[in-house]
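Peer 1: One file: final.txt (compact mmCIF, C-alpha atoms).
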# COMPACT_ATOMS: atom_id res chain seq x y z
CA MET W 1 -9.83 -37.22 -7.08
CA GLN W 2 -9.77 -39.29 -10.29
CA LEU W 3 -12.20 -36.94 -12.03
CA GLU W 4 -10.28 -33.81 -11.05
CA LEU W 5 -6.93 -35.33 -11.99
CA GLY W 6 -8.03 -36.33 -15.47
CA GLN W 7 -9.56 -32.91 -16.13
CA LYS W 8 -6.46 -31.17 -14.83
CA ILE W 9 -4.10 -33.18 -17.03
CA ARG W 10 -6.20 -32.33 -20.08
CA GLU W 11 -6.35 -28.61 -19.10
CA LEU W 12 -2.58 -28.42 -18.61
CA ARG W 13 -1.88 -30.28 -21.86
CA HIS W 14 -4.09 -27.87 -23.80
CA ARG W 15 -2.56 -24.93 -21.95
CA ASP W 16 0.90 -25.91 -23.14
CA GLY W 17 -0.16 -27.03 -26.61
CA ARG W 18 0.92 -30.63 -26.04
CA THR W 19 -0.56 -33.71 -27.70
CA GLN W 20 -1.38 -36.94 -25.91
CA GLU W 21 1.43 -38.59 -27.85
CA THR W 22 3.99 -35.99 -26.70
CA LEU W 23 2.95 -36.36 -23.07
CA ALA W 24 2.98 -40.15 -23.28
CA GLU W 25 6.49 -40.14 -24.71
CA ALA W 26 7.76 -37.80 -21.97
CA LEU W 27 6.27 -39.97 -19.21
CA GLY W 28 7.19 -43.31 -20.76
CA VAL W 29 3.61 -44.54 -21.00
CA THR W 30 1.26 -45.31 -23.90
CA THR W 31 -0.99 -42.81 -25.62
CA GLN W 32 -3.92 -45.03 -24.62
CA ALA W 33 -3.00 -44.55 -20.95
CA ILE W 34 -3.13 -40.76 -21.34
CA SER W 35 -6.49 -41.06 -23.10
CA ARG W 36 -7.88 -43.24 -20.28
CA TRP W 37 -6.72 -40.78 -17.59
CA GLU W 38 -8.34 -37.83 -19.34
CA ALA W 39 -11.56 -39.80 -19.95
CA ASN W 40 -11.71 -40.76 -16.25
CA GLY W 41 -11.21 -44.43 -17.10
CA GLY W 42 -8.23 -44.76 -14.78
CA TYR W 43 -5.48 -42.75 -13.13
CA PRO W 44 -1.67 -42.71 -13.13
CA ASP W 45 0.42 -44.80 -10.77
CA MET W 46 1.47 -42.82 -7.72
CA GLU W 47 5.15 -42.91 -8.79
CA THR W 48 4.15 -41.17 -12.05
CA ILE W 49 2.39 -38.26 -10.32
CA PRO W 50 5.58 -36.25 -9.52
CA ALA W 51 6.75 -36.66 -13.14
CA ILE W 52 3.43 -35.28 -14.44
CA ALA W 53 3.58 -32.30 -12.07
CA ASN W 54 7.21 -31.62 -13.03
CA TYR W 55 6.40 -31.87 -16.75
CA PHE W 56 3.76 -29.16 -16.49
CA GLY W 57 5.66 -27.07 -13.93
CA VAL W 58 3.00 -27.25 -11.23
CA SER W 59 2.84 -28.53 -7.67
CA ILE W 60 1.26 -31.88 -6.86
CA ASP W 61 -1.39 -30.01 -4.87
CA GLU W 62 -2.28 -27.97 -7.95
CA LEU W 63 -2.35 -31.10 -10.09
CA PHE W 64 -5.01 -32.59 -7.82
CA GLY W 65 -6.99 -29.36 -7.67
CA TYR W 66 -6.07 -28.51 -4.07
CA GLU W 67 -4.16 -25.34 -4.90
CA ASN W 68 -7.25 -23.20 -5.59
CA ASP W 69 -8.77 -24.08 -2.23
CA ARG W 70 -5.46 -23.31 -0.53
CA GLU W 71 -5.19 -19.94 -2.23
CA ARG W 72 -8.77 -19.07 -1.32
CA LYS W 73 -8.01 -19.72 2.34
CA ILE W 74 -4.84 -17.61 2.17
CA ASP W 75 -6.78 -14.82 0.44
CA ALA W 76 -9.34 -14.96 3.26
CA VAL W 77 -6.64 -14.59 5.95
CA ILE W 78 -5.13 -11.54 4.26
CA ALA W 79 -8.54 -10.02 3.47
CA LYS W 80 -9.53 -10.32 7.12
CA VAL W 81 -6.46 -8.36 8.18
CA ASP W 82 -6.96 -5.79 5.40
CA SER W 83 -10.54 -5.25 6.56
CA PHE W 84 -9.25 -3.61 9.76
CA GLY W 85 -7.66 -0.80 7.73
CA ILE W 86 -4.87 -0.41 10.30
CA ARG W 87 -2.91 2.03 8.14
CA THR W 88 -5.76 4.54 8.27
CA ARG W 89 -6.69 4.10 11.94
CA ASN W 90 -5.28 5.76 15.02
CA ASP W 91 -6.47 3.17 17.55
CA GLY W 92 -4.12 0.41 18.64
CA PRO W 93 -5.96 -2.72 19.87
CA TRP W 94 -6.51 -3.96 16.32
CA PHE W 95 -2.79 -4.58 15.83
CA ASP W 96 -2.62 -7.51 18.23
CA GLU W 97 -5.68 -9.10 16.67
CA CYS W 98 -4.27 -8.74 13.16
CA ILE W 99 -0.95 -10.24 14.21
CA ALA W 100 -2.76 -13.17 15.85
CA ILE W 101 -4.78 -13.81 12.66
CA LEU W 102 -1.60 -13.89 10.58
CA ARG W 103 0.20 -16.20 13.00
CA GLU W 104 -2.73 -18.61 12.81
CA GLY W 105 -2.52 -18.39 9.03
CA LEU W 106 1.17 -19.29 9.07
CA ALA W 107 0.46 -22.22 11.38
CA GLU W 108 -1.91 -23.60 8.72
CA PHE W 109 0.24 -22.55 5.74
CA PRO W 110 3.87 -22.58 6.98
CA ALA W 111 6.31 -20.29 5.13
CA ASN W 112 3.62 -18.91 2.82
CA GLU W 113 5.25 -15.80 1.40
CA ARG W 114 2.09 -13.72 1.08
CA ILE W 115 1.13 -14.24 4.70
CA MET W 116 4.73 -13.66 5.81
CA ILE W 117 5.04 -10.30 4.07
CA THR W 118 1.63 -9.23 5.38
CA LEU W 119 2.80 -10.12 8.90
CA ALA W 120 6.05 -8.20 8.36
CA GLU W 121 4.15 -5.10 7.17
CA THR W 122 1.78 -5.36 10.14
CA LEU W 123 4.68 -5.71 12.57
CA TRP W 124 6.34 -2.67 10.98
CA GLU W 125 3.18 -0.60 11.32
CA THR W 126 2.62 -1.77 14.89
CA GLY W 127 6.18 -1.00 15.93
CA TRP W 128 5.95 2.42 14.34
CA ARG W 129 2.64 3.37 15.93
CA ARG W 130 3.76 2.26 19.39
CA ASN W 131 7.15 3.98 19.23
CA ARG W 132 6.55 7.03 17.03
CA GLU W 133 7.25 9.50 19.85
CA TYR W 134 10.99 8.85 19.52
CA ILE W 135 11.43 10.94 16.38
CA GLY W 136 13.22 14.20 17.09
CA TYR W 137 15.76 16.67 15.70
CA ASP W 138 19.52 16.80 16.10
CA ASP W 139 21.51 19.89 17.05
CA ASP W 140 21.65 21.02 13.42
CA GLY W 141 17.86 20.86 13.06
CA PHE W 142 17.62 17.66 11.00
CA ILE W 143 15.25 14.81 11.81
CA GLN W 144 16.86 12.05 13.81
CA TYR W 145 15.64 8.64 14.92
CA CYS W 146 16.54 7.45 18.42
CA TYR W 147 18.24 4.23 17.43
CA ASP W 148 18.73 2.69 20.88
CA LYS W 149 15.02 2.92 21.58
CA LYS W 150 14.20 1.44 18.19
CA ARG W 151 16.50 -1.55 18.74
CA GLU W 152 14.32 -2.52 21.68
CA ASN W 153 11.29 -2.66 19.39
CA GLU W 154 10.25 -6.34 19.46
CA TYR W 155 7.91 -5.86 16.52
CA TRP W 156 10.66 -4.53 14.31
CA SER W 157 13.13 -7.23 15.32
CA GLU W 158 10.76 -9.90 14.07
CA CYS W 159 9.84 -7.81 11.03
CA ALA W 160 13.51 -7.54 10.00
CA LYS W 161 14.04 -11.30 10.26
CA ILE W 162 11.00 -12.04 8.10
CA CYS W 163 11.99 -9.48 5.45
CA GLU W 164 15.57 -10.72 5.27
CA GLN W 165 14.33 -14.28 4.81
CA LEU W 166 11.95 -13.25 2.03
CA ILE W 167 14.56 -11.13 0.27
CA GLU W 168 17.20 -13.85 0.28
CA ASN W 169 15.05 -16.96 -0.22
CA GLY W 170 11.66 -15.82 -1.53
CA ARG W 171 10.36 -16.85 -4.94
CA ASP W 172 7.56 -14.32 -5.40
CA ASN W 173 8.96 -11.15 -6.99
CA ALA W 174 6.06 -9.00 -5.77
CA VAL W 175 6.70 -10.17 -2.20
CA TYR W 176 10.42 -9.46 -2.64
CA MET W 177 9.65 -5.85 -3.61
CA ARG W 178 7.36 -5.39 -0.62
CA ALA W 179 9.98 -6.82 1.73
CA VAL W 180 12.62 -4.40 0.47
CA ALA W 181 10.18 -1.51 0.84
CA VAL W 182 9.75 -2.41 4.53
CA ILE W 183 13.34 -3.19 5.44
CA VAL W 184 14.84 0.00 3.98
CA PRO W 185 13.14 2.45 6.40
CA LEU W 186 13.51 -0.10 9.20
CA TYR W 187 17.31 -0.12 8.90
CA ARG W 188 17.20 3.67 8.50
CA ASN W 189 15.50 3.87 11.87
CA TYR W 190 18.17 1.63 13.34
CA GLY W 191 20.84 3.97 11.98
CA GLU W 192 22.27 1.25 9.75
CA TYR W 193 22.41 3.43 6.67
CA GLU W 194 24.73 1.23 4.61
CA LYS W 195 22.35 -1.71 4.89
CA ALA W 196 19.36 0.48 4.09
CA ILE W 197 21.08 1.94 1.02
CA SER W 198 22.26 -1.46 -0.21
CA TYR W 199 18.71 -2.82 -0.10
CA ALA W 200 17.27 0.32 -1.70
CA LYS W 201 19.72 0.00 -4.62
CA ARG W 202 18.28 -3.40 -5.44
CA MET W 203 15.04 -1.75 -6.54
CA PRO W 204 14.38 -0.36 -10.06
CA ASP W 205 14.57 3.36 -10.72
CA LEU W 206 11.51 5.52 -11.39
CA LYS W 207 11.33 4.80 -15.12
CA LYS W 208 11.27 1.05 -14.47
CA CYS W 209 8.42 1.10 -11.95
CA ARG W 210 5.05 -0.46 -12.75
CA ASP W 211 3.07 2.78 -13.05
CA TYR W 212 5.53 4.29 -15.50
CA LEU W 213 5.96 1.14 -17.60
CA LEU W 214 2.20 0.86 -18.03
CA THR W 215 2.31 4.19 -19.87
CA GLU W 216 4.86 2.61 -22.22
CA ALA W 217 2.88 -0.60 -22.73
CA THR W 218 -0.11 0.67 -24.72
CA ASP W 219 -1.49 3.37 -26.96
CA GLY W 220 -4.88 4.90 -27.66
CA LYS W 221 -7.45 5.27 -24.89
CA LEU W 222 -5.80 2.65 -22.68
CA ASN W 223 -2.56 4.63 -22.82
CA ALA W 224 -4.50 7.78 -21.89
CA ARG W 225 -5.89 5.95 -18.85
CA TYR W 226 -2.50 4.69 -17.66
CA THR W 227 -0.88 8.06 -18.25
CA GLY W 228 -3.61 9.77 -16.25
CA GLU W 229 -3.19 7.28 -13.41
CA PHE W 230 0.56 7.87 -13.43
CA LEU W 231 0.10 11.64 -13.21
CA LEU W 232 -2.22 11.32 -10.23
CA HIS W 233 -0.09 8.74 -8.41
CA ALA W 234 3.07 10.73 -9.09
CA ALA W 235 1.47 13.95 -7.82
CA GLN W 236 0.53 12.25 -4.56
CA GLU W 237 3.96 10.70 -4.03
CA PHE W 238 5.66 13.97 -4.97
CA SER W 239 3.50 15.93 -2.51
CA GLU W 240 4.20 13.57 0.37
CA GLN W 241 7.94 13.55 -0.32
CA LEU W 242 7.92 17.33 -0.50
CA ILE W 243 6.34 17.51 2.96
CA PHE W 244 8.73 14.96 4.41
CA ASN W 245 11.65 16.90 2.97
CA LEU W 246 10.36 20.06 4.61
CA VAL W 247 9.85 18.52 8.05
CA SER W 248 13.21 16.74 7.93
CA ASN W 249 14.94 20.08 8.60
CA ARG W 250 13.35 22.37 11.14
CA ASN W 251 15.43 25.29 9.82
CA ASN W 252 13.04 25.34 6.85
CA PHE W 253 10.35 26.71 9.16
CA GLU W 254 12.07 29.99 9.87
CA SER W 255 10.46 31.58 6.81
CA ASP W 256 7.39 31.35 4.55
CA VAL W 257 9.14 28.75 2.39
CA PRO W 258 7.19 25.68 3.64
CA MET W 259 3.90 27.50 3.18
CA LYS W 260 4.77 28.35 -0.44
CA LYS W 261 5.87 24.77 -1.13
CA VAL W 262 2.64 23.28 0.19
CA GLU W 263 0.65 25.76 -1.89
CA GLY W 264 2.67 24.55 -4.89
CA ALA W 265 1.83 20.92 -4.15
CA ILE W 266 -1.87 21.78 -4.02
CA ALA W 267 -1.53 23.66 -7.30
CA LEU W 268 -0.12 20.49 -8.89
CA PHE W 269 -3.46 18.73 -8.36
CA ASP W 270 -5.27 21.81 -9.69
CA LEU W 271 -3.09 21.55 -12.79
CA ILE W 272 -4.04 17.91 -13.38
CA CYS W 273 -7.69 18.06 -12.23
CA ASP W 274 -8.39 21.54 -13.55
CA ASP W 275 -12.16 21.10 -13.35
CA GLY W 276 -12.16 20.48 -9.58
CA ASN W 277 -13.04 16.79 -9.82
CA TYR W 278 -10.31 15.30 -7.58
CA GLY W 279 -11.95 11.95 -6.87
CA LEU W 280 -10.14 9.92 -4.22
CA TYR W 281 -7.27 12.44 -4.33
CA ASN W 282 -9.44 14.68 -2.19
CA ASP W 283 -7.79 12.67 0.61
CA ILE W 284 -4.27 14.03 0.04
CA LEU W 285 -5.75 17.51 -0.50
CA ILE W 286 -7.40 17.34 2.92
CA LYS W 287 -4.01 16.67 4.47
CA LEU W 288 -2.25 19.34 2.47
CA ARG W 289 -4.89 21.96 3.33
CA LEU W 290 -4.78 21.06 7.03
CA TYR W 291 -1.00 21.26 7.06
CA LEU W 292 -1.11 24.57 5.20
CA SER W 293 -3.50 25.94 7.84
CA ARG W 294 -0.95 25.14 10.53
CA LEU W 295 1.87 26.83 8.58
CA GLN W 296 -0.24 29.90 7.82
CA TRP W 297 -1.21 30.34 11.47
CA GLU W 298 2.38 29.91 12.55
CA ARG W 299 3.52 32.68 10.19
CA GLY W 300 0.73 35.06 11.28
CA TYR W 301 -1.69 34.52 8.38
CA HIS W 302 -4.64 33.74 10.64
CA ASP W 303 -7.48 34.53 8.24
CA GLU W 304 -5.84 32.46 5.55
CA ALA W 305 -5.45 29.58 8.01
CA PHE W 306 -9.19 29.37 8.48
CA GLU W 307 -9.74 29.62 4.73
CA SER W 308 -7.52 26.57 4.39
CA LEU W 309 -9.50 24.76 7.06
CA ASP W 310 -12.71 25.47 5.15
CA LYS W 311 -11.16 24.11 1.96
CA ALA W 312 -10.01 21.01 3.82
CA LEU W 313 -13.56 20.47 4.98
CA TYR W 314 -14.84 20.89 1.43
CA HIS W 315 -12.47 18.16 0.21
CA ALA W 316 -13.51 15.93 3.12
CA LYS W 317 -17.17 16.20 2.26
CA GLU W 318 -16.46 15.58 -1.42
CA LEU W 319 -14.57 12.45 -0.45
CA GLU W 320 -17.33 11.20 1.82
CA ARG W 321 -19.79 11.69 -1.00
CA LEU W 322 -17.76 9.31 -3.17
CA ILE W 323 -17.13 6.52 -0.68
CA GLY W 324 -19.17 3.40 -1.37
CA ALA W 325 -19.86 4.24 -5.01
CA PRO W 326 -19.09 1.39 -7.45
CA GLU W 327 -16.88 3.68 -9.54
CA HIS W 328 -15.79 7.27 -10.01
CA LYS W 329 -14.79 8.82 -13.33
CA TYR W 330 -12.47 11.79 -13.59
CA THR W 331 -13.45 14.46 -16.09
CA ALA W 332 -10.45 16.78 -16.58
CA PRO W 333 -8.77 16.34 -19.99
CA LEU W 334 -5.53 14.83 -18.67
CA VAL W 335 -7.31 12.17 -16.60
CA SER W 336 -10.63 11.71 -18.37
CA PHE W 337 -10.09 7.96 -18.88
CA VAL W 338 -9.16 7.25 -15.26
CA ILE W 339 -11.68 5.31 -13.19
CA ASP W 340 -11.43 4.70 -9.42
CA ILE W 341 -13.37 2.22 -7.31
CA PRO W 342 -14.28 4.18 -4.14
CA ALA W 343 -16.01 1.14 -2.63
CA GLN W 344 -12.54 -0.44 -2.29
CA ALA W 345 -11.02 2.54 -0.48
CA PRO W 346 -9.67 1.88 3.07
CA ASP W 347 -12.13 2.19 5.95
CA GLY W 348 -10.51 5.38 7.20
CA TYR W 349 -11.64 7.33 4.16
CA ALA W 350 -15.32 7.00 5.01
CA CYS W 351 -15.22 8.93 8.30
CA VAL W 352 -12.57 11.51 7.45
CA ALA W 353 -14.93 14.51 7.52
CA ARG W 354 -16.25 13.63 10.96
CA GLU W 355 -12.73 13.23 12.38
CA LEU W 356 -10.98 16.26 10.96
CA PRO W 357 -10.45 18.12 14.26
CA GLY W 358 -8.77 15.08 15.80
CA ASP W 359 -6.56 14.56 12.77
CA TRP W 360 -5.36 18.14 12.50
CA PRO W 361 -2.79 19.18 11.48
CA PHE W 362 -1.08 16.10 9.91
CA TRP W 363 2.71 15.90 9.66
CA CYS W 364 3.31 16.90 13.27
CA ASN W 365 7.00 17.82 12.95
CA PRO W 366 8.28 20.27 14.02
CA GLU W 367 6.34 20.40 17.30
CA PHE W 368 2.94 21.99 16.68
CA SER W 369 1.38 22.09 20.18
CA LYS W 370 1.81 25.85 20.54
CA VAL W 371 0.09 26.48 17.22
CA GLU W 372 -2.66 24.02 18.06
CA LYS W 373 -3.33 25.71 21.39
CA GLU W 374 -3.49 29.15 19.80
CA ILE W 375 -5.71 28.27 16.86
CA LYS W 376 -8.14 26.28 19.00
CA ALA W 377 -8.48 29.28 21.31
CA ASP W 378 -9.73 31.39 18.41
CA PRO W 379 -13.58 31.58 18.34
CA ARG W 380 -13.53 30.62 14.68
CA TRP W 381 -12.16 27.16 15.55
CA GLU W 382 -15.30 26.17 17.43
CA GLU W 383 -17.43 27.38 14.54
CA TRP W 384 -15.36 25.39 12.10
CA ALA W 385 -15.44 22.26 14.25
CA LYS W 386 -19.22 22.45 14.29
CA LYS W 387 -19.28 22.52 10.51
CA THR W 388 -17.41 19.20 10.41
CA LYS W 389 -20.38 17.58 12.14
CA GLU W 390 -22.99 18.87 9.71
Write out the structure in this file as structure tokens.
Peer 2:
Amino acid sequence: MQLELGQKIRELRHRDGRTQETLAEALGVTTQAISRWEANGGYPDMETIPAIANYFGVSIDELFGYENDRERKIDAVIAKVDSFGIRTRNDGPWFDECIAILREGLAEFPANERIMITLAETLWETGWRRNREYIGYDDDGFIQYCYDKKRENEYWSECAKICEQLIENGRDNAVYMRAVAVIVPLYRNYGEYEKAISYAKRMPDLKKCRDYLLTEATDGKLNARYTGEFLLHAAQEFSEQLIFNLVSNRNNFESDVPMKKVEGAIALFDLICDDGNYGLYNDILIKLRLYLSRLQWERGYHDEAFESLDKALYHAKELERLIGAPEHKYTAPLVSFVIDIPAQAPDGYACVARELPGDWPFWCNPEFSKVEKEIKADPRWEEWAKKTKE
């Protein structure tokens, strides 16, 4: 302990540009005492320890070198939960195990904000997966959430309490942002729109978000990289919001409009990655192509629907080819400095090509069972399904 304490005092003093004399004066001790501590010839009195920690703005644990070990253990808890990839899986048993891991983590590290927000996000995902069948449409054709059913959701009740605590009392700004991102749709699902809106308004607008500000922070090649990343991220978020906007009103599906909009979203990626190198964004293109196939079949464009299925399979195989690689470089002019790390992609990416039939058609609203039954009765479906196994 003595050795670590002396080293830590010296590191913190150098970090802050303080002299031994300055520190000695602040603590009311001699310069020789500071010199002895740092040379491992002695250590401060216990009553002086809090003053040293306060002077450098660190915890007593960090002063004694315990903080790094603590953070490593917390990282391990969160990494273990992340390894399950629950947001990309359709099976349910993993949720209970993840929740148990996080509860054990909180028992060892009470009120740790990182573990708390990870638990809240896991509870949100669990509650959603186990109650998702309650989404429907009102008499005017707009998506509606069955609030009474959602209020009985034990996972969400606990999730809301954790998020509210973190928002009001948390110290970590990144955790605060994550808590707001969870609680907004949660209160939406409860039908408490005023609360949801009030929390949403606490967040920065689009031009103050991280991805955008990074494009403002640099120039040269680094700026080109951040700008390319922003374009790709923005295209994905735009595409998903476009789909959600379409499915939020079933009246949209009385014409070819949704089909044209999805084709436009796909074209956006073609505009950015105009050489066909889509990298990890093959994932969103799989979903868009599968959804387009459903819309095309529904509107009577049956040949085109199978063309879209083939294109979805192409993107799936391209994505599988990338998974596990240490890095992937984009080559189109607008994104030529962007580099992804496919090896860090969620587990669900790796098996997407083999699971395409089970995942079809993504974005299930409005009800798609009639379309699914029809398209799977077509002889071409069986042929296509076989190709996903090759």
Peer 1: Show me, as a PyMOL selection string, the residues that have an atom within 9 Å of Glu318 (chain W) when counting all atoms listed in the file, minus same-chain residues fewer than 2 positions from it.
Peer 2: chain W and resi 278-280+282+313-316+320-322
Peer 1: Have a look at W:Ala111, W:Leu186, W:Ile99, W:Val29 and name the one nearest to Phe84 (chain W); count only C-alpha atoms.
Peer 2: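 Of W:Ala111, W:Leu186, W:Ile99, W:Val29, the one nearest Phe84 (chain W), counting only C-alpha atoms, is W:Ile99.
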Peer 1: What's the 9 Å shell around Thr118 (chain W), counting only C-alpha atoms, without same-chain residues fewer than 6 positions away, as a VMD selection string?
Peer 2: chain W and resid 78 81 102
Peer 1: Go through W:Lys389, W:Met259, W:Leu295, W:Arg171 and flag the residue nearest Trp360 (chain W), using only C-alpha atoms for the distances.
Peer 2: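 Of W:Lys389, W:Met259, W:Leu295, W:Arg171, the one nearest Trp360 (chain W), counting only C-alpha atoms, is W:Leu295.
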Peer 1: Report as a ChimeraX atom specification all protein, DNA and RNA residues lying within 10 Å of Phe253 (chain W), evaluated on all atoms listed in the file, omitting residues in the same chain fewer than 5 positions from it.
Peer 2: /W:246-247,258-259,295,298-299,366
Peer 1: Find, counting only C-alpha atoms, the residue in W:Ala217, W:Thr388, W:Trp128, W:Glu113 that gets nearest to Arg178 (chain W).
Peer 2: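 Going through W:Ala217, W:Thr388, W:Trp128, W:Glu113 one by one, the smallest distance to Arg178 (chain W) is for W:Glu113.
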Peer 1: Which residue out of W:Ser293, W:Glu307, W:Ala174, W:Glu237 has the minimum interatomic distance to Arg210 (chain W) when only C-alpha atoms are used?
Peer 2: W:Ala174
Peer 1: If you measure from CA of Leu268 (chain W) to CA of Leu232 (chain W), what distance in Å do you get, rounded to one decimal?
Peer 2: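 Going from CA of Leu268 (chain W) over to CA of Leu232 (chain W) covers 9.5 Å.
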Peer 1: For a quick check of your reading of the model, name the residues lying within 12 Å of the coordinate (-8.1, 30.3, 9.6), counting all atoms listed in the file, and write them as JSON, numbers by chain.
Peer 2: {"W": [289, 290, 291, 292, 293, 294, 295, 296, 297, 298, 299, 300, 301, 302, 303, 304, 305, 306, 307, 308, 309, 310, 311, 312, 371, 372, 374, 375, 376, 377, 378, 379, 380, 381, 382, 383, 384, 385]}
